[in-house]
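The structure appears right after this line, and notes come after that.
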Amino acid sequence: MPDLGEKAGVMERFDIEGGRKLWGSVRLKGAKNTVLPLIAASLLTDEETVIRDCPDIVDVSTMLKIVRALGSAAYRDGDDIVTRGRITNFEIPKELACEMRSSVFLLGTMLSVLGRAETTFPGGCAIGARPVDIHMHGLGALGAKVEYIGDTIRLTSDGLKGADIKLSFPSVGATENVMMAATLARGETTIINAAREPEIVDLANMLNMMGAKISGAGTSVIKIIGVDALRGIKYTPMPDRIVAGTLIAATVACGGRVEITNCPESFSDYLSAIIKSDTCNICSKYGITTVESYGILPGLGTIETGPYPMFPTDMQAQICALAACSDGETTVIENVFENRYAHLYELEKLGAKISIYGNMAKITGKGFLVGGDMMAHDLRGGAGLLIAAMAAAGKSTLSNVRVIDRGYENIEKMFSALGAKITRTIIIP
Ligand code: UD1
């Protein structure tokens, strides 16, 4: 089942003329995976909060719709997201909860502010079942009563209390949910086996600026001392490391020279160590990453996804696309989501030789791809397929591209400004 993309009946497709090198400069905006929890965190105060430099992407728009449905003012002012006023409604509307699974991140805040939160079970999706048991275990440990009524999750509490909480897996969303709920809880909370992603550090930084007392973010033990109230602030989120990685993979695959400004250097350096070859150069200085690519990349060896600091699952599809363009063998092992290989079946249509054994994929690149017709099944998979289509000789089409808009602001404009040839067609049946 493809991830949510097309609205009933309306199809959007990219037509891509591949084989063009990429040249130019791109400035990154705030990361989707930090902006979404930051919006949830902003609701922990009634005061006005401004989150700057936010990408104009579908997931952020959906989040704003949900926040408004909960009773707060929430709007975009240029690149700023502004929230203001107390949430009053304890129910996330069903259609919006289904549109964005990250809506589950709001439950900790809602419980903290309202003492009650209800949402439709977010259900499965194109990349895996995505259960919420770790979220519920964490919120339950803080004193919430968790009930499953049909497809609804109901959480109630008459005051959250700090606790020691051991997560069975370092879930990013569950760590964020518990951090937000514990911020205004009575007493001290310790999250053990917490996720260590940079996005967790960004959330802790914003909450601390609002008046929270959180330490240890970025390590696997996070301590939160509950406070009585938080205040509104203005906050600039970290830039999007996955958009950075997508640009790096695309430039290496297509050839050319691209400068990425406002770029998280540590992530560029991390990718540079993986994509190490005489055929390209990825170097970072003063927040600018420069990618140069002069020839065909050899295979990339073995890449295994996992919780931070392992290779991010959100870059797996883009690296698979790069591997398909290479001349050599790459083995990819996906350890985070159980069903995140739909893009590989599409990549085969461009001539890539791929074998899948459970969560392991062997990609044997022949040094070139040839254009073909593909479908995007999920956000990052779609971005990976676009990279492959841009690098392939000749014309390609990519359908269901609304899924890519969930996490990339105008991806075709971004790449077209660098010299790619991509047009979007809206097909109304
Ligand atoms: C976040 C990111 C997503 C990224 C993922 C992993 C956001 C908005 N999304 O998603 O882009 O791919 O981290 O880096 O930040 N799990 C359970 N039970 C739970 C929660 C998670 O079994 O209660 C499982 C999931 O099914 C998955 C794994 O744990 O297999 C990782 O999920 P998690 O870290 O929670 O991802 P998200 O926070 O949903």
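Just remember, in the structure tokens the first chain shown is A, the second B, etc., residues are 1-based per chain, and ligands are 1-based in the order shown.
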
Chain A residues near ligand 1 within 8 Å, closest pair each, using only C-alpha atoms and all ligand atoms, as a tab-separated table:
residue	atom	partner	partner_atom_place_in_ligand_line	distance
A:Lys32	CA	ligand 1	8 (C)	6.8
A:Asn33	CA	ligand 1	15 (O)	3.9
A:Thr34	CA	ligand 1	15 (O)	6.5
A:Leu36	CA	ligand 1	8 (C)	6.2
A:Pro37	CA	ligand 1	8 (C)	7.2
A:Arg101	CA	ligand 1	39 (O)	7.5
A:Ser102	CA	ligand 1	8 (C)	5.4
A:Gly128	CA	ligand 1	26 (O)	6.3
A:Ala129	CA	ligand 1	26 (O)	5.8
A:Arg130	CA	ligand 1	26 (O)	3.5
A:Pro131	CA	ligand 1	18 (N)	4.4
A:Val132	CA	ligand 1	23 (O)	3.1
A:Asp133	CA	ligand 1	23 (O)	3.9
A:Ile134	CA	ligand 1	23 (O)	3.5
A:His135	CA	ligand 1	23 (O)	4.7
A:Met136	CA	ligand 1	23 (O)	6.8
A:His137	CA	ligand 1	23 (O)	8.0
A:Phe169	CA	ligand 1	29 (O)	6.4
A:Pro170	CA	ligand 1	34 (O)	6.4
A:Ser171	CA	ligand 1	34 (O)	3.4
A:Val172	CA	ligand 1	34 (O)	3.8
A:Gly173	CA	ligand 1	38 (O)	3.2
A:Ala174	CA	ligand 1	35 (O)	5.8
A:Ala195	CA	ligand 1	34 (O)	7.3
A:Glu197	CA	ligand 1	14 (O)	7.8
A:Glu199	CA	ligand 1	15 (O)	7.5
A:Gly306	CA	ligand 1	14 (O)	7.7
A:Pro307	CA	ligand 1	14 (O)	6.2
A:Tyr308	CA	ligand 1	14 (O)	7.7
A:Pro312	CA	ligand 1	14 (O)	6.1
A:Thr313	CA	ligand 1	12 (O)	5.6
A:Asp314	CA	ligand 1	12 (O)	5.0
A:Asn335	CA	ligand 1	30 (O)	7.9
A:Val336	CA	ligand 1	30 (O)	4.7
A:Phe337	CA	ligand 1	30 (O)	4.2
A:Glu338	CA	ligand 1	30 (O)	6.5

Write down as a count of residues only the residues belonging to segment 235-389 of chain A that are assigned strand (DSSP E or B) by DSSP computed on the backbone. 50

Spatial neighbours of Met110 of chain A, 9 Å, only C-alpha atoms, chain gap at least 2 places, as an NGL selection string: :A and (40 or 43-44 or 70 or 87 or 89-90 or 106-108 or 112-118 or 181)

Keeping only N, CA and C atoms, write those residues as a PDB file, in the first residue's frame.
ATOM      1  N   ALA A  40       4.677  20.642  18.694  1.00  0.00           N
ATOM      2  CA  ALA A  40       3.992  19.995  19.834  1.00  0.00           C
ATOM      3  C   ALA A  40       4.472  20.605  21.152  1.00  0.00           C
ATOM      4  N   LEU A  43       3.059  23.986  22.449  1.00  0.00           N
ATOM      5  CA  LEU A  43       1.720  23.987  23.053  1.00  0.00           C
ATOM      6  C   LEU A  43       1.774  23.775  24.569  1.00  0.00           C
ATOM      7  N   LEU A  44       2.973  23.549  25.096  1.00  0.00           N
ATOM      8  CA  LEU A  44       3.105  23.404  26.553  1.00  0.00           C
ATOM      9  C   LEU A  44       3.023  24.760  27.253  1.00  0.00           C
ATOM     10  N   LEU A  70      -7.191  21.585  17.861  1.00  0.00           N
ATOM     11  CA  LEU A  70      -7.099  21.412  19.316  1.00  0.00           C
ATOM     12  C   LEU A  70      -7.403  22.714  20.058  1.00  0.00           C
ATOM     13  N   ILE A  87      -4.462  24.949  24.340  1.00  0.00           N
ATOM     14  CA  ILE A  87      -5.300  23.969  23.644  1.00  0.00           C
ATOM     15  C   ILE A  87      -6.493  23.629  24.552  1.00  0.00           C
ATOM     16  N   ASN A  89      -9.161  21.263  23.253  1.00  0.00           N
ATOM     17  CA  ASN A  89      -9.847  20.068  22.758  1.00  0.00           C
ATOM     18  C   ASN A  89      -8.948  18.843  22.955  1.00  0.00           C
ATOM     19  N   PHE A  90      -9.488  17.775  23.490  1.00  0.00           N
ATOM     20  CA  PHE A  90      -8.630  16.615  23.789  1.00  0.00           C
ATOM     21  C   PHE A  90      -8.646  15.548  22.694  1.00  0.00           C
ATOM     22  N   LEU A 106       1.810  14.445  19.739  1.00  0.00           N
ATOM     23  CA  LEU A 106       1.083  15.470  20.486  1.00  0.00           C
ATOM     24  C   LEU A 106       0.497  14.941  21.793  1.00  0.00           C
ATOM     25  N   LEU A 107       0.454  13.612  21.933  1.00  0.00           N
ATOM     26  CA  LEU A 107      -0.284  13.043  23.072  1.00  0.00           C
ATOM     27  C   LEU A 107       0.325  13.445  24.415  1.00  0.00           C
ATOM     28  N   GLY A 108       1.658  13.471  24.505  1.00  0.00           N
ATOM     29  CA  GLY A 108       2.328  13.834  25.763  1.00  0.00           C
ATOM     30  C   GLY A 108       1.961  15.248  26.184  1.00  0.00           C
ATOM     31  N   SER A 112      -0.426  16.457  29.320  1.00  0.00           N
ATOM     32  CA  SER A 112       0.164  17.356  30.299  1.00  0.00           C
ATOM     33  C   SER A 112      -0.730  18.585  30.506  1.00  0.00           C
ATOM     34  N   VAL A 113      -1.248  19.149  29.411  1.00  0.00           N
ATOM     35  CA  VAL A 113      -2.008  20.402  29.496  1.00  0.00           C
ATOM     36  C   VAL A 113      -3.471  20.141  29.881  1.00  0.00           C
ATOM     37  N   LEU A 114      -4.073  19.098  29.287  1.00  0.00           N
ATOM     38  CA  LEU A 114      -5.519  18.888  29.444  1.00  0.00           C
ATOM     39  C   LEU A 114      -5.877  17.740  30.386  1.00  0.00           C
ATOM     40  N   GLY A 115      -4.905  16.882  30.668  1.00  0.00           N
ATOM     41  CA  GLY A 115      -5.199  15.691  31.484  1.00  0.00           C
ATOM     42  C   GLY A 115      -5.938  14.633  30.684  1.00  0.00           C
ATOM     43  N   ARG A 116      -6.100  14.842  29.404  1.00  0.00           N
ATOM     44  CA  ARG A 116      -6.799  13.863  28.571  1.00  0.00           C
ATOM     45  C   ARG A 116      -6.367  14.012  27.107  1.00  0.00           C
ATOM     46  N   ALA A 117      -6.261  12.916  26.418  1.00  0.00           N
ATOM     47  CA  ALA A 117      -5.905  12.971  24.996  1.00  0.00           C
ATOM     48  C   ALA A 117      -6.513  11.766  24.296  1.00  0.00           C
ATOM     49  N   GLU A 118      -7.067  12.015  23.130  1.00  0.00           N
ATOM     50  CA  GLU A 118      -7.649  10.902  22.357  1.00  0.00           C
ATOM     51  C   GLU A 118      -7.226  11.004  20.907  1.00  0.00           C
ATOM     52  N   ALA A 181       5.916  15.280  27.988  1.00  0.00           N
ATOM     53  CA  ALA A 181       4.964  15.034  29.083  1.00  0.00           C
ATOM     54  C   ALA A 181       5.636  15.246  30.436  1.00  0.00           C
TER      55      ALA A 181
END

Report, in Å to a single decimal, how far apart atom CA of Ser293 of chain A and atom CA of Cys325 of chain A are.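 Between atom CA of Cys325 of chain A and atom CA of Ser293 of chain A the gap is 12.8 Å.
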
Produce a table with one row for each residue of segment 70-144 of chain A that has an atom at most 10 Å from any atom of segment 219-243 of chain A, each row naming the nearest atom pair and its distance in Å at one decimal; use only C-alpha atoms; arrange rows by chain and rising residue number; format as JSON lines.
{"residue": "A:Asp80", "atom": "CA", "partner": "A:Thr236", "partner_atom": "CA", "distance": 9.2}
{"residue": "A:Ile81", "atom": "CA", "partner": "A:Lys234", "partner_atom": "CA", "distance": 9.8}
{"residue": "A:Val82", "atom": "CA", "partner": "A:Lys234", "partner_atom": "CA", "distance": 9.1}
{"residue": "A:Thr83", "atom": "CA", "partner": "A:Gly232", "partner_atom": "CA", "distance": 9.1}
{"residue": "A:Arg84", "atom": "CA", "partner": "A:Gly232", "partner_atom": "CA", "distance": 8.5}

Would you mind reading off the distance between atom CA of Gly256 of chain A and atom CA of Ala324 of chain A, one decimal, in Å? 18.1 Å

Tell me which of A:Glu334, A:Asp151, A:Glu292, A:Asp373 sits closest to Tyr357 of chain A, counting only C-alpha atoms.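 Closest candidate: A:Glu334.
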
Give the helix (DSSP H, G or I) residues of segment 7-119 of chain A, as DSSP finds them on the backbone, and put them as number ranges by chain. A: 32-42, 58-69, 94-99, 101-114

Okay, now the selection with N, CA and C atoms, as a CSV table (one decimal), in the first residue's frame?
chain,number,residue,atom,x,y,z
A,32,LYS,N,12.4,18.8,9.1
A,32,LYS,CA,11.0,18.3,9.4
A,32,LYS,C,10.9,17.6,10.7
A,33,ASN,N,11.9,16.7,11.0
A,33,ASN,CA,11.8,15.8,12.1
A,33,ASN,C,12.1,16.5,13.5
A,34,THR,N,12.5,17.8,13.4
A,34,THR,CA,12.6,18.6,14.6
A,34,THR,C,11.4,19.6,14.6
A,35,VAL,N,11.0,20.2,13.5
A,35,VAL,CA,9.9,21.1,13.5
A,35,VAL,C,8.6,20.5,14.0
A,36,LEU,N,8.3,19.3,13.7
A,36,LEU,CA,7.1,18.7,14.1
A,36,LEU,C,7.0,18.5,15.6
A,37,PRO,N,8.0,17.9,16.3
A,37,PRO,CA,7.9,17.9,17.8
A,37,PRO,C,8.1,19.3,18.4
A,38,LEU,N,8.8,20.2,17.8
A,38,LEU,CA,8.9,21.6,18.3
A,38,LEU,C,7.5,22.2,18.4
A,39,ILE,N,6.7,22.0,17.3
A,39,ILE,CA,5.3,22.6,17.3
A,39,ILE,C,4.5,22.0,18.5
A,40,ALA,N,4.7,20.6,18.7
A,40,ALA,CA,4.0,20.0,19.8
A,40,ALA,C,4.5,20.6,21.2
A,41,ALA,N,5.8,20.9,21.3
A,41,ALA,CA,6.4,21.4,22.5
A,41,ALA,C,5.8,22.8,22.7
A,42,SER,N,5.6,23.6,21.7
A,42,SER,CA,5.2,25.0,21.8
A,42,SER,C,3.8,25.1,22.5
A,58,VAL,N,4.1,19.5,3.5
A,58,VAL,CA,2.7,19.0,3.8
A,58,VAL,C,2.6,18.6,5.3
A,59,ASP,N,3.6,17.9,5.8
A,59,ASP,CA,3.5,17.5,7.2
A,59,ASP,C,3.4,18.6,8.2
A,60,VAL,N,4.1,19.7,7.9
A,60,VAL,CA,4.0,20.9,8.8
A,60,VAL,C,2.6,21.5,8.7
A,61,SER,N,2.1,21.6,7.4
A,61,SER,CA,0.7,22.1,7.3
A,61,SER,C,-0.3,21.3,8.0
A,62,THR,N,-0.1,20.0,7.9
A,62,THR,CA,-1.1,19.1,8.6
A,62,THR,C,-1.0,19.3,10.1
A,63,MET,N,0.2,19.4,10.6
A,63,MET,CA,0.4,19.6,12.0
A,63,MET,C,-0.3,20.9,12.5
A,64,LEU,N,-0.2,22.0,11.7
A,64,LEU,CA,-0.9,23.2,12.0
A,64,LEU,C,-2.4,23.0,12.0
A,65,LYS,N,-2.9,22.3,11.1
A,65,LYS,CA,-4.4,22.0,11.1
A,65,LYS,C,-4.8,21.3,12.4
A,66,ILE,N,-3.9,20.3,12.8
A,66,ILE,CA,-4.3,19.6,14.0
A,66,ILE,C,-4.3,20.5,15.2
A,67,VAL,N,-3.2,21.4,15.3
A,67,VAL,CA,-3.1,22.3,16.4
A,67,VAL,C,-4.3,23.2,16.5
A,68,ARG,N,-4.7,23.7,15.3
A,68,ARG,CA,-5.9,24.6,15.3
A,68,ARG,C,-7.1,23.8,15.8
A,69,ALA,N,-7.3,22.6,15.3
A,69,ALA,CA,-8.4,21.8,15.7
A,69,ALA,C,-8.4,21.5,17.3
A,94,LYS,N,-10.0,12.5,13.5
A,94,LYS,CA,-9.6,11.2,12.9
A,94,LYS,C,-8.9,11.4,11.5
A,95,GLU,N,-9.5,12.2,10.7
A,95,GLU,CA,-8.9,12.3,9.3
A,95,GLU,C,-7.5,12.9,9.3
A,96,LEU,N,-7.3,13.8,10.3
A,96,LEU,CA,-5.9,14.4,10.4
A,96,LEU,C,-4.9,13.4,11.0
A,97,ALA,N,-5.4,12.7,12.0
A,97,ALA,CA,-4.5,11.7,12.6
A,97,ALA,C,-4.1,10.6,11.6
A,98,CYS,N,-5.0,10.3,10.7
A,98,CYS,CA,-4.7,9.3,9.6
A,98,CYS,C,-3.7,9.9,8.6
A,99,GLU,N,-3.9,11.3,8.4
A,99,GLU,CA,-3.0,11.9,7.4
A,99,GLU,C,-1.6,11.9,7.8
A,101,ARG,N,1.0,10.3,10.7
A,101,ARG,CA,1.2,9.4,11.9
A,101,ARG,C,2.0,10.1,13.0
A,102,SER,N,2.7,11.2,12.7
A,102,SER,CA,3.5,11.9,13.7
A,102,SER,C,2.6,12.6,14.7
A,103,SER,N,1.2,12.6,14.4
A,103,SER,CA,0.3,13.3,15.3
A,103,SER,C,0.4,12.7,16.7
A,104,VAL,N,0.9,11.4,16.8
A,104,VAL,CA,1.0,10.7,18.0
A,104,VAL,C,1.9,11.5,19.0
A,105,PHE,N,2.9,12.3,18.4
A,105,PHE,CA,3.8,13.1,19.2
A,105,PHE,C,3.1,14.1,20.1
A,106,LEU,N,1.8,14.4,19.7
A,106,LEU,CA,1.1,15.5,20.5
A,106,LEU,C,0.5,14.9,21.8
A,107,LEU,N,0.5,13.6,21.9
A,107,LEU,CA,-0.3,13.0,23.1
A,107,LEU,C,0.3,13.4,24.4
A,108,GLY,N,1.7,13.5,24.5
A,108,GLY,CA,2.3,13.8,25.8
A,108,GLY,C,2.0,15.2,26.2
A,109,THR,N,2.0,16.2,25.2
A,109,THR,CA,1.7,17.6,25.5
A,109,THR,C,0.2,17.7,25.9
A,110,MET,N,-0.7,17.0,25.2
A,110,MET,CA,-2.1,17.1,25.4
A,110,MET,C,-2.5,16.6,26.8
A,111,LEU,N,-1.8,15.5,27.2
A,111,LEU,CA,-2.0,14.9,28.5
A,111,LEU,C,-1.6,15.8,29.6
A,112,SER,N,-0.4,16.5,29.3
A,112,SER,CA,0.2,17.4,30.3
A,112,SER,C,-0.7,18.6,30.5
A,113,VAL,N,-1.2,19.1,29.4
A,113,VAL,CA,-2.0,20.4,29.5
A,113,VAL,C,-3.5,20.1,29.9
A,114,LEU,N,-4.1,19.1,29.3
A,114,LEU,CA,-5.5,18.9,29.4
A,114,LEU,C,-5.9,17.7,30.4

Between atom CA of Ile153 of chain A and atom CA of Glu91 of chain A - distance in Å to one decimal: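 So the answer is 10.0 Å.
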